[in-house]
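All remarks here apply to the structure that follows.
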Amino acid sequence: MKRDFLQIVDFSRDELFELFQLCADLKKKTKSGHQHHMLKGKTLAMLFQKPSTRTRVSFEVGMYQLGGHALYLSPNEVGLGKRESVADVARVLSRFNDGIMARVFGHDLVEGLAQHASVPVINGLSDLCHPCQVLGDIFTIEEHKGRYEKLSIAFIGDGNNVANSWINLAGRLELDLRIGCPEGYDPHQGLLERARQQGRSEIRVIHDPIEAVRGADVIYTDVWASMGQEEETAARKRIFAPYQVNSALLEHAAQDCLVEHCLPAHRGDEITDDVIDGAHSVVFDEAENRLHIQKAIMVKLMVD
Ligand code: CP
Ligand code: NVA
């Protein structure tokens with residue numbers, strides 16, 4: 001039966017570790033110039049309702065490196081749920097392709113695609129979560145820290161899709177996760193409760209950014225106004241100003257802390273130049289690892 005990847009919890013803990021191993025193997029092979037055409041002759045439809053640099057390029061390059069082909073469908077083309085119903089788009093794309101990757105506004109759209117597609121559907125970001133991103137992020141942390149668990153991660157900023165995916169991950173791996181966000185910008189309550197019920201991780205929402213980063217192994221941030229929230233940009237700049245990841249905030253984290261950002265960054269807002277370009281930052285390793293982790297995800301879902 002086909003499987004989808006809409007949220008990190010779609011994979012069991014064991015499957016996540018298998019995925020990280022596959023990701024490491026594929027990355028090593030790619031770096032040494034080996035070809036690994038595990039998706040030879042297959043195609044991936046990439047459906048975008050929002051802009052993208054990393055997601056589009058990494059999936060497209062990933063499919064090419066695996067011997068397949070990816071098709072870019074821009075926000076103006078398909079009209080998901082408007083020009084045509086989500087169910088019909090899913091059915092039609094399934095007749096031409098071996099997989100669908102979608103970047104959407106409402107998470108229900110990616111769920112609808114998965115429900116009606118006969119091929120695997122991968123969430124390339126929804127308003128609820130960004131699962132491929134956070135799997136690449138934890139893989140990057142392991143490369144630098146040598147472990148996937150027993151890490152304190154401070155997510156500083158908006159309790160939005162990326163923060164929600166960290167919460168999902170904390171349901172599967174043992175983490176000390178702090179979400180440092182302004183009041184009123186908390187992460188999704190249902191996902192938080194589900195992850196806490198898993199009982200693996202301590203997950204706290206802390207409204208004081210200094211408390212949130214205290215002794216942390218990793219400081220993570222994301223834009224203050226996500227795609228679709230552009231009209232809130234000015235108000236959010238005022239509200240989130242105390243949550244800027246700058247050198248003064250880093251003073252409160254572990255001395256050897258890593259700094260991550262999913263990108264695109266709004267330099268001077270959620271993160272300062274000296275931090276994103278500084279010694280603690282691994283943001284471009286993170287960006288590269290989107291390629292390797294997504295290749296592993298596609299192989300897991302799309303190889304017969
Ligand atoms: N981090 C990320 O998903 O980047 P894009 O929005 O450029 O795809
Ligand atoms: N939270 C951001 C992530 C971008 C990769 C957004 O949804 O725009």
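Chain labels A, B, ... are given in the sequence in which chains occur in the structure tokens; within each chain residues are numbered consecutively from 1, and ligands are likewise numbered from 1 in the order shown.
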
| said: If the limit is 7 Å from any atom of ligand 2, counting only C-alpha atoms and all ligand atoms, which residues qualify? Return them as JSON, numbers by chain. | reply: {"A": [125, 127, 160, 161, 162, 222, 223, 225, 226, 227, 262, 263, 264]}

Those residues with N, CA and C atoms, as a PDB file, in the first residue's frame please?
ATOM      1  N   LEU A 125       5.750  21.639   2.897  1.00  0.00           N
ATOM      2  CA  LEU A 125       5.367  22.757   3.779  1.00  0.00           C
ATOM      3  C   LEU A 125       3.881  23.036   3.642  1.00  0.00           C
ATOM      4  N   ASP A 127       0.662  25.170   6.193  1.00  0.00           N
ATOM      5  CA  ASP A 127       0.561  26.118   7.308  1.00  0.00           C
ATOM      6  C   ASP A 127       0.753  25.409   8.656  1.00  0.00           C
ATOM      7  N   ASN A 160       4.939  28.380  14.747  1.00  0.00           N
ATOM      8  CA  ASN A 160       4.244  28.091  13.489  1.00  0.00           C
ATOM      9  C   ASN A 160       4.632  26.712  12.957  1.00  0.00           C
ATOM     10  N   ASN A 161       4.598  26.565  11.603  1.00  0.00           N
ATOM     11  CA  ASN A 161       4.798  25.249  10.989  1.00  0.00           C
ATOM     12  C   ASN A 161       6.125  24.576  11.359  1.00  0.00           C
ATOM     13  N   VAL A 162       7.222  25.335  11.389  1.00  0.00           N
ATOM     14  CA  VAL A 162       8.520  24.724  11.675  1.00  0.00           C
ATOM     15  C   VAL A 162       8.576  24.302  13.150  1.00  0.00           C
ATOM     16  N   ASP A 222      13.207  31.108  12.821  1.00  0.00           N
ATOM     17  CA  ASP A 222      12.479  31.131  11.541  1.00  0.00           C
ATOM     18  C   ASP A 222      11.944  32.552  11.380  1.00  0.00           C
ATOM     19  N   VAL A 223      11.455  32.863  10.204  1.00  0.00           N
ATOM     20  CA  VAL A 223      10.905  34.210   9.966  1.00  0.00           C
ATOM     21  C   VAL A 223       9.765  34.508  10.944  1.00  0.00           C
ATOM     22  N   ALA A 225       7.126  36.552  10.141  1.00  0.00           N
ATOM     23  CA  ALA A 225       5.883  36.516   9.348  1.00  0.00           C
ATOM     24  C   ALA A 225       6.081  35.482   8.239  1.00  0.00           C
ATOM     25  N   SER A 226       5.331  34.410   8.316  1.00  0.00           N
ATOM     26  CA  SER A 226       5.461  33.331   7.332  1.00  0.00           C
ATOM     27  C   SER A 226       4.739  33.684   6.038  1.00  0.00           C
ATOM     28  N   MET A 227       4.942  32.839   5.027  1.00  0.00           N
ATOM     29  CA  MET A 227       4.275  33.047   3.744  1.00  0.00           C
ATOM     30  C   MET A 227       2.763  33.022   3.961  1.00  0.00           C
ATOM     31  N   CYS A 262      15.798  27.777   9.103  1.00  0.00           N
ATOM     32  CA  CYS A 262      15.349  27.032   7.919  1.00  0.00           C
ATOM     33  C   CYS A 262      15.606  27.797   6.632  1.00  0.00           C
ATOM     34  N   LEU A 263      15.721  29.138   6.723  1.00  0.00           N
ATOM     35  CA  LEU A 263      15.872  30.032   5.576  1.00  0.00           C
ATOM     36  C   LEU A 263      14.575  30.034   4.749  1.00  0.00           C
ATOM     37  N   PRO A 264      14.202  31.084   4.082  1.00  0.00           N
ATOM     38  CA  PRO A 264      14.958  32.332   3.921  1.00  0.00           C
ATOM     39  C   PRO A 264      15.010  33.131   5.233  1.00  0.00           C
TER      40      PRO A 264
END

| task | Fewer than 3 positions away in the same chain doesn't count, so skip those; otherwise give me all residues within 8 Å of Met302 of chain A, counting only C-alpha atoms, as a ChimeraX atom specification. | result | /A:39,98-99,120,298-299

Write out, as a short mmCIF file (atom, residue, chain, number, x, y, z; two decimals), in the first residue's frame, the residues just selected, with N, CA, C and O atoms.
data_model
loop_
_atom_site.label_atom_id
_atom_site.label_comp_id
_atom_site.auth_asym_id
_atom_site.auth_seq_id
_atom_site.Cartn_x
_atom_site.Cartn_y
_atom_site.Cartn_z
N LEU A 39 15.50 5.67 -8.56
CA LEU A 39 14.17 6.07 -9.05
C LEU A 39 14.20 6.28 -10.57
O LEU A 39 13.52 7.14 -11.11
N ASP A 98 4.79 9.12 -10.28
CA ASP A 98 5.03 8.11 -9.25
C ASP A 98 5.02 8.72 -7.85
O ASP A 98 5.13 8.00 -6.86
N GLY A 99 4.93 10.03 -7.78
CA GLY A 99 4.88 10.70 -6.47
C GLY A 99 4.43 12.14 -6.66
O GLY A 99 4.52 12.70 -7.77
N PRO A 120 2.44 8.12 -3.54
CA PRO A 120 2.79 8.82 -2.30
C PRO A 120 2.75 10.34 -2.44
O PRO A 120 3.13 10.89 -3.47
N MET A 298 12.15 10.05 -0.59
CA MET A 298 11.59 9.60 -1.87
C MET A 298 11.91 8.14 -2.12
O MET A 298 11.06 7.39 -2.61
N VAL A 299 13.14 7.73 -1.79
CA VAL A 299 13.50 6.32 -1.98
C VAL A 299 12.61 5.45 -1.10
O VAL A 299 12.07 4.44 -1.54
#

| task | Using only C-alpha atoms and all ligand atoms, determine which residues fall within 8 Å of ligand 1, then list them as a list of chain:residue names. | result |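 With only C-alpha atoms and all ligand atoms and a cut-off of 8 Å, ligand 1 is contacted by A:Pro51, A:Ser52, A:Thr53, A:Arg54, A:Thr55, A:Arg56, A:Val57, A:Gly124, A:Leu125, A:His130, A:Gln133, A:Cys262, A:Leu263, A:Pro264, A:Ala287.
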
Would you export the selected residues with N, CA and C atoms as a PDB file, in the first residue's frame, please?
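File part-v8.pdb, as written:
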ATOM      1  N   PRO A  51       5.821  30.491  -2.808  1.00  0.00           N
ATOM      2  CA  PRO A  51       7.173  30.507  -3.397  1.00  0.00           C
ATOM      3  C   PRO A  51       8.119  29.517  -2.726  1.00  0.00           C
ATOM      4  N   SER A  52       9.252  29.279  -3.373  1.00  0.00           N
ATOM      5  CA  SER A  52      10.254  28.376  -2.787  1.00  0.00           C
ATOM      6  C   SER A  52      11.581  28.514  -3.522  1.00  0.00           C
ATOM      7  N   THR A  53      12.661  28.372  -2.785  1.00  0.00           N
ATOM      8  CA  THR A  53      13.983  28.183  -3.393  1.00  0.00           C
ATOM      9  C   THR A  53      14.469  26.778  -3.051  1.00  0.00           C
ATOM     10  N   ARG A  54      14.719  26.528  -1.746  1.00  0.00           N
ATOM     11  CA  ARG A  54      15.306  25.257  -1.304  1.00  0.00           C
ATOM     12  C   ARG A  54      14.450  24.046  -1.651  1.00  0.00           C
ATOM     13  N   THR A  55      13.152  24.127  -1.377  1.00  0.00           N
ATOM     14  CA  THR A  55      12.293  22.946  -1.536  1.00  0.00           C
ATOM     15  C   THR A  55      12.208  22.558  -3.007  1.00  0.00           C
ATOM     16  N   ARG A  56      11.971  23.539  -3.837  1.00  0.00           N
ATOM     17  CA  ARG A  56      11.873  23.250  -5.267  1.00  0.00           C
ATOM     18  C   ARG A  56      13.183  22.687  -5.808  1.00  0.00           C
ATOM     19  N   VAL A  57      14.282  23.385  -5.501  1.00  0.00           N
ATOM     20  CA  VAL A  57      15.570  22.990  -6.097  1.00  0.00           C
ATOM     21  C   VAL A  57      16.031  21.641  -5.542  1.00  0.00           C
ATOM     22  N   GLY A 124       5.644  19.388   1.334  1.00  0.00           N
ATOM     23  CA  GLY A 124       6.792  20.284   1.176  1.00  0.00           C
ATOM     24  C   GLY A 124       6.576  21.612   1.891  1.00  0.00           C
ATOM     25  N   LEU A 125       5.750  21.639   2.897  1.00  0.00           N
ATOM     26  CA  LEU A 125       5.367  22.757   3.779  1.00  0.00           C
ATOM     27  C   LEU A 125       3.881  23.036   3.642  1.00  0.00           C
ATOM     28  N   HIS A 130       6.246  21.511   8.547  1.00  0.00           N
ATOM     29  CA  HIS A 130       7.275  21.483   7.499  1.00  0.00           C
ATOM     30  C   HIS A 130       8.194  20.295   7.814  1.00  0.00           C
ATOM     31  N   GLN A 133      11.866  19.717   6.321  1.00  0.00           N
ATOM     32  CA  GLN A 133      12.804  20.684   6.881  1.00  0.00           C
ATOM     33  C   GLN A 133      13.404  20.173   8.194  1.00  0.00           C
ATOM     34  N   CYS A 262      15.798  27.777   9.103  1.00  0.00           N
ATOM     35  CA  CYS A 262      15.349  27.032   7.919  1.00  0.00           C
ATOM     36  C   CYS A 262      15.606  27.797   6.632  1.00  0.00           C
ATOM     37  N   LEU A 263      15.721  29.138   6.723  1.00  0.00           N
ATOM     38  CA  LEU A 263      15.872  30.032   5.576  1.00  0.00           C
ATOM     39  C   LEU A 263      14.575  30.034   4.749  1.00  0.00           C
ATOM     40  N   PRO A 264      14.202  31.084   4.082  1.00  0.00           N
ATOM     41  CA  PRO A 264      14.958  32.332   3.921  1.00  0.00           C
ATOM     42  C   PRO A 264      15.010  33.131   5.233  1.00  0.00           C
ATOM     43  N   ALA A 287      20.694  23.709   4.791  1.00  0.00           N
ATOM     44  CA  ALA A 287      20.073  23.881   3.470  1.00  0.00           C
ATOM     45  C   ALA A 287      20.491  22.723   2.557  1.00  0.00           C
TER      46      ALA A 287
END

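Note that atom CA of Ala241 of chain A and atom CA of Asp277 of chain A are 19.9 Å apart.
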
| task | For each of A:Thr30, A:Ser85, A:Ser74, A:Thr221, take the minimum atom-to-atom distance to Ile153 of chain A, counting only C-alpha atoms, then give the residue where this is smallest. | result |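 When distances to Ile153 of chain A are compared using only C-alpha atoms, the smallest one comes from A:Thr221.
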
Non-local contacts of segment 179-181 of chain A (10 Å; only C-alpha atoms; under 2 positions in same chain excluded) as a short mmCIF file (atom, residue, chain, number, x, y, z; two decimals) with all heavy atoms, in the first residue's frame:
data_model
loop_
_atom_site.label_atom_id
_atom_site.label_comp_id
_atom_site.auth_asym_id
_atom_site.auth_seq_id
_atom_site.Cartn_x
_atom_site.Cartn_y
_atom_site.Cartn_z
N ILE A 153 17.03 21.77 22.57
CA ILE A 153 16.77 22.56 21.36
C ILE A 153 15.87 23.73 21.76
O ILE A 153 14.77 23.51 22.28
CB ILE A 153 16.02 21.73 20.29
CG1 ILE A 153 16.63 20.33 20.10
CG2 ILE A 153 15.86 22.52 18.99
CD1 ILE A 153 17.76 20.23 19.17
N ALA A 154 16.33 24.95 21.50
CA ALA A 154 15.49 26.13 21.78
C ALA A 154 15.03 26.73 20.46
O ALA A 154 15.84 27.29 19.71
CB ALA A 154 16.29 27.15 22.58
N PHE A 155 13.75 26.57 20.17
CA PHE A 155 13.16 27.21 18.99
C PHE A 155 12.68 28.59 19.44
O PHE A 155 11.81 28.69 20.31
CB PHE A 155 11.99 26.39 18.43
CG PHE A 155 11.37 27.03 17.22
CD1 PHE A 155 11.69 26.60 15.95
CD2 PHE A 155 10.51 28.12 17.35
CE1 PHE A 155 11.16 27.23 14.83
CE2 PHE A 155 9.97 28.75 16.24
CZ PHE A 155 10.30 28.30 14.98
N ILE A 156 13.24 29.65 18.84
CA ILE A 156 12.91 31.01 19.26
C ILE A 156 12.18 31.73 18.13
O ILE A 156 12.75 31.89 17.05
CB ILE A 156 14.20 31.79 19.62
CG1 ILE A 156 15.01 31.04 20.69
CG2 ILE A 156 13.88 33.22 20.10
CD1 ILE A 156 14.29 30.83 22.01
N GLY A 157 10.94 32.12 18.36
CA GLY A 157 10.20 32.84 17.32
C GLY A 157 8.75 32.44 17.31
O GLY A 157 8.15 32.23 18.37
N ASP A 158 8.20 32.32 16.11
CA ASP A 158 6.78 32.06 15.95
C ASP A 158 6.48 30.56 16.12
O ASP A 158 7.15 29.73 15.48
CB ASP A 158 6.36 32.53 14.55
CG ASP A 158 4.85 32.51 14.36
OD1 ASP A 158 4.12 32.42 15.36
OD2 ASP A 158 4.43 32.60 13.18
N GLY A 159 5.49 30.24 16.92
CA GLY A 159 5.10 28.83 17.09
C GLY A 159 4.31 28.35 15.89
O GLY A 159 3.16 27.93 16.02
N ASN A 160 4.94 28.38 14.75
CA ASN A 160 4.24 28.09 13.49
C ASN A 160 4.63 26.71 12.96
O ASN A 160 4.97 25.82 13.73
CB ASN A 160 4.57 29.23 12.50
CG ASN A 160 3.61 29.27 11.33
OD1 ASN A 160 2.61 28.55 11.30
ND2 ASN A 160 3.90 30.09 10.36
N ALA A 163 8.11 25.18 14.04
CA ALA A 163 8.06 24.83 15.47
C ALA A 163 7.17 23.59 15.67
O ALA A 163 7.52 22.69 16.44
CB ALA A 163 7.50 26.01 16.27
N ASN A 164 6.05 23.53 14.96
CA ASN A 164 5.16 22.36 15.10
C ASN A 164 5.85 21.07 14.68
O ASN A 164 5.63 20.01 15.27
CB ASN A 164 3.90 22.56 14.25
CG ASN A 164 2.96 23.59 14.84
OD1 ASN A 164 2.98 23.85 16.04
ND2 ASN A 164 2.13 24.19 14.00
N TRP A 166 9.07 20.51 14.92
CA TRP A 166 9.99 20.15 16.02
C TRP A 166 9.22 19.44 17.13
O TRP A 166 9.73 18.48 17.74
CB TRP A 166 10.70 21.40 16.56
CG TRP A 166 11.94 21.70 15.79
CD1 TRP A 166 12.11 22.67 14.85
CD2 TRP A 166 13.17 20.97 15.86
NE1 TRP A 166 13.38 22.59 14.33
CE2 TRP A 166 14.05 21.57 14.93
CE3 TRP A 166 13.60 19.88 16.60
CZ2 TRP A 166 15.35 21.10 14.73
CZ3 TRP A 166 14.90 19.41 16.41
CH2 TRP A 166 15.75 20.01 15.49
N ILE A 167 8.01 19.87 17.38
CA ILE A 167 7.19 19.22 18.41
C ILE A 167 6.88 17.78 17.98
O ILE A 167 6.99 16.84 18.78
CB ILE A 167 5.92 20.06 18.66
CG1 ILE A 167 6.32 21.34 19.40
CG2 ILE A 167 4.87 19.27 19.44
CD1 ILE A 167 5.24 22.39 19.48
N LEU A 177 12.96 20.08 24.47
CA LEU A 177 12.54 21.08 23.47
C LEU A 177 11.88 22.26 24.17
O LEU A 177 10.94 22.08 24.95
CB LEU A 177 11.58 20.45 22.46
CG LEU A 177 11.01 21.37 21.38
CD1 LEU A 177 12.11 21.92 20.47
CD2 LEU A 177 9.97 20.62 20.53
N GLU A 183 3.54 35.47 23.86
CA GLU A 183 2.19 34.99 24.17
C GLU A 183 1.28 35.27 22.99
O GLU A 183 1.38 36.31 22.36
CB GLU A 183 1.67 35.68 25.43
CG GLU A 183 2.24 35.03 26.69
CD GLU A 183 1.68 35.62 27.96
OE1 GLU A 183 0.44 35.57 28.12
OE2 GLU A 183 2.49 36.10 28.76
N GLY A 184 0.41 34.33 22.70
CA GLY A 184 -0.48 34.48 21.55
C GLY A 184 0.10 33.89 20.28
O GLY A 184 -0.58 33.84 19.26
N TYR A 185 1.36 33.47 20.32
CA TYR A 185 2.01 32.87 19.14
C TYR A 185 2.51 31.47 19.48
O TYR A 185 3.52 31.01 18.96
CB TYR A 185 3.14 33.79 18.63
CG TYR A 185 2.58 35.09 18.13
CD1 TYR A 185 2.35 36.16 19.00
CD2 TYR A 185 2.18 35.23 16.80
CE1 TYR A 185 1.79 37.34 18.55
CE2 TYR A 185 1.62 36.42 16.35
CZ TYR A 185 1.42 37.46 17.22
OH TYR A 185 0.84 38.63 16.78
N ASP A 186 1.77 30.80 20.36
CA ASP A 186 2.14 29.45 20.79
C ASP A 186 1.97 28.45 19.64
O ASP A 186 1.16 28.67 18.73
CB ASP A 186 1.21 29.01 21.95
CG ASP A 186 1.57 29.71 23.26
OD1 ASP A 186 2.42 30.62 23.23
OD2 ASP A 186 0.98 29.35 24.28
N PRO A 187 2.68 27.34 19.73
CA PRO A 187 2.50 26.30 18.71
C PRO A 187 1.13 25.63 18.83
O PRO A 187 0.37 25.90 19.76
CB PRO A 187 3.63 25.31 19.01
CG PRO A 187 3.99 25.56 20.44
CD PRO A 187 3.72 27.00 20.71
N ILE A 203 8.85 18.95 26.74
CA ILE A 203 8.51 19.98 25.75
C ILE A 203 7.88 21.14 26.51
O ILE A 203 6.82 20.98 27.12
CB ILE A 203 7.53 19.46 24.67
CG1 ILE A 203 8.02 18.13 24.10
CG2 ILE A 203 7.35 20.50 23.57
CD1 ILE A 203 7.03 17.45 23.17
N ARG A 204 8.54 22.29 26.46
CA ARG A 204 8.02 23.45 27.20
C ARG A 204 7.82 24.64 26.27
O ARG A 204 8.62 24.85 25.35
CB ARG A 204 9.03 23.87 28.28
CG ARG A 204 9.08 22.90 29.46
CD ARG A 204 10.19 23.28 30.41
NE ARG A 204 11.50 22.98 29.87
CZ ARG A 204 12.65 23.41 30.38
NH1 ARG A 204 12.66 24.21 31.43
NH2 ARG A 204 13.81 23.07 29.83
N VAL A 205 6.75 25.37 26.52
CA VAL A 205 6.55 26.66 25.85
C VAL A 205 6.95 27.72 26.87
O VAL A 205 6.39 27.77 27.98
CB VAL A 205 5.09 26.84 25.40
CG1 VAL A 205 4.88 28.22 24.77
CG2 VAL A 205 4.70 25.73 24.42
N ILE A 206 7.96 28.52 26.53
CA ILE A 206 8.52 29.49 27.48
C ILE A 206 8.47 30.86 26.82
O ILE A 206 9.03 31.05 25.74
CB ILE A 206 10.00 29.12 27.82
CG1 ILE A 206 10.07 27.69 28.40
CG2 ILE A 206 10.60 30.13 28.79
CD1 ILE A 206 11.48 27.19 28.64
N HIS A 207 7.81 31.81 27.46
CA HIS A 207 7.63 33.10 26.80
C HIS A 207 8.81 34.05 27.01
O HIS A 207 8.88 35.09 26.36
CB HIS A 207 6.29 33.73 27.21
CG HIS A 207 5.12 32.91 26.74
ND1 HIS A 207 4.16 32.41 27.58
CD2 HIS A 207 4.78 32.46 25.50
CE1 HIS A 207 3.27 31.70 26.88
NE2 HIS A 207 3.63 31.73 25.61
N ASP A 208 9.75 33.67 27.85
CA ASP A 208 10.95 34.48 28.07
C ASP A 208 12.09 33.90 27.22
O ASP A 208 12.54 32.77 27.47
CB ASP A 208 11.30 34.44 29.57
CG ASP A 208 12.60 35.16 29.87
OD1 ASP A 208 13.33 35.54 28.92
OD2 ASP A 208 12.90 35.34 31.07
N PRO A 209 12.56 34.65 26.21
CA PRO A 209 13.57 34.07 25.29
C PRO A 209 14.87 33.67 25.99
O PRO A 209 15.50 32.68 25.62
CB PRO A 209 13.80 35.17 24.25
CG PRO A 209 13.25 36.43 24.85
CD PRO A 209 12.19 36.01 25.83
N ILE A 210 15.26 34.42 27.01
CA ILE A 210 16.51 34.09 27.71
C ILE A 210 16.36 32.77 28.46
O ILE A 210 17.24 31.90 28.41
CB ILE A 210 16.93 35.25 28.65
CG1 ILE A 210 17.28 36.48 27.80
CG2 ILE A 210 18.10 34.85 29.55
CD1 ILE A 210 17.64 37.72 28.58
N GLU A 211 15.23 32.60 29.12
CA GLU A 211 14.96 31.32 29.81
C GLU A 211 14.93 30.18 28.80
O GLU A 211 15.42 29.08 29.07
CB GLU A 211 13.59 31.39 30.52
CG GLU A 211 13.64 31.78 31.97
CD GLU A 211 14.81 31.16 32.73
OE1 GLU A 211 14.87 29.91 32.81
OE2 GLU A 211 15.67 31.92 33.20
N ALA A 212 14.33 30.45 27.65
CA ALA A 212 14.18 29.39 26.64
C ALA A 212 15.54 28.90 26.12
O ALA A 212 15.70 27.71 25.85
CB ALA A 212 13.31 29.89 25.49
N VAL A 213 16.52 29.78 25.98
CA VAL A 213 17.81 29.35 25.40
C VAL A 213 18.82 28.91 26.46
O VAL A 213 19.90 28.43 26.10
CB VAL A 213 18.48 30.45 24.52
CG1 VAL A 213 17.57 30.88 23.39
CG2 VAL A 213 18.95 31.62 25.33
N TYR A 220 17.34 27.69 17.38
CA TYR A 220 16.73 27.62 16.06
C TYR A 220 15.81 28.82 15.89
O TYR A 220 15.10 29.20 16.82
CB TYR A 220 15.87 26.34 15.97
CG TYR A 220 15.50 25.96 14.56
CD1 TYR A 220 16.09 24.84 13.95
CD2 TYR A 220 14.59 26.69 13.81
CE1 TYR A 220 15.76 24.48 12.65
CE2 TYR A 220 14.26 26.34 12.51
CZ TYR A 220 14.85 25.23 11.94
OH TYR A 220 14.54 24.86 10.65
N THR A 221 15.81 29.42 14.72
CA THR A 221 14.81 30.46 14.47
C THR A 221 14.27 30.39 13.04
O THR A 221 14.80 29.67 12.19
CB THR A 221 15.32 31.87 14.84
OG1 THR A 221 14.20 32.77 14.83
CG2 THR A 221 16.39 32.36 13.88
N ILE A 239 6.24 42.93 17.95
CA ILE A 239 5.96 41.89 18.96
C ILE A 239 7.15 40.95 19.16
O ILE A 239 7.45 40.53 20.28
CB ILE A 239 4.69 41.10 18.54
CG1 ILE A 239 3.47 42.03 18.57
CG2 ILE A 239 4.48 39.87 19.40
CD1 ILE A 239 2.26 41.52 17.81
N PHE A 240 7.82 40.63 18.05
CA PHE A 240 8.88 39.61 18.12
C PHE A 240 10.27 40.21 18.41
O PHE A 240 11.22 39.44 18.59
CB PHE A 240 8.94 38.80 16.82
CG PHE A 240 7.86 37.75 16.70
CD1 PHE A 240 6.59 38.07 16.23
CD2 PHE A 240 8.09 36.44 17.09
CE1 PHE A 240 5.60 37.10 16.13
CE2 PHE A 240 7.10 35.47 17.00
CZ PHE A 240 5.85 35.79 16.51
N PRO A 242 11.94 41.28 20.94
CA PRO A 242 12.74 40.70 22.04
C PRO A 242 13.21 39.27 21.75
O PRO A 242 14.01 38.72 22.52
CB PRO A 242 11.77 40.69 23.23
CG PRO A 242 10.61 41.56 22.84
CD PRO A 242 10.54 41.54 21.35
N TYR A 243 12.73 38.67 20.67
CA TYR A 243 13.05 37.27 20.37
C TYR A 243 14.12 37.17 19.27
O TYR A 243 14.34 36.11 18.72
CB TYR A 243 11.78 36.52 19.96
CG TYR A 243 10.79 36.44 21.11
CD1 TYR A 243 9.96 37.52 21.40
CD2 TYR A 243 10.72 35.32 21.93
CE1 TYR A 243 9.07 37.48 22.47
CE2 TYR A 243 9.84 35.27 23.00
CZ TYR A 243 9.02 36.35 23.26
OH TYR A 243 8.16 36.30 24.33
#

| Contacts of His107 of chain A at 6 Å (only C-alpha atoms; same-chain gap of 2+ positions) as a ChimeraX atom specification | /A:109-110,126,128

Save out the residues we just selected, N, CA and C atoms, as a CSV table (one decimal), in the first residue's frame.
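Wrote part31.csv, looks like this:
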chain,number,residue,atom,x,y,z
A,109,LEU,N,-5.3,20.6,2.5
A,109,LEU,CA,-5.1,20.4,1.0
A,109,LEU,C,-4.2,19.2,0.8
A,110,VAL,N,-3.1,19.1,1.6
A,110,VAL,CA,-2.2,18.1,1.4
A,110,VAL,C,-2.8,16.7,1.9
A,126,SER,N,3.2,23.0,4.8
A,126,SER,CA,1.9,23.5,4.9
A,126,SER,C,1.8,24.5,6.0
A,128,LEU,N,0.5,24.1,8.7
A,128,LEU,CA,0.6,23.4,10.0
A,128,LEU,C,2.1,22.9,10.2

| field | Selected residue, from A:Asn76, A:Thr43, A:Asn246, A:Thr140, that lies nearest to Ser94 of chain A when counting only C-alpha atoms | value |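 When distances to Ser94 of chain A are compared using only C-alpha atoms, the smallest one comes from A:Thr43.
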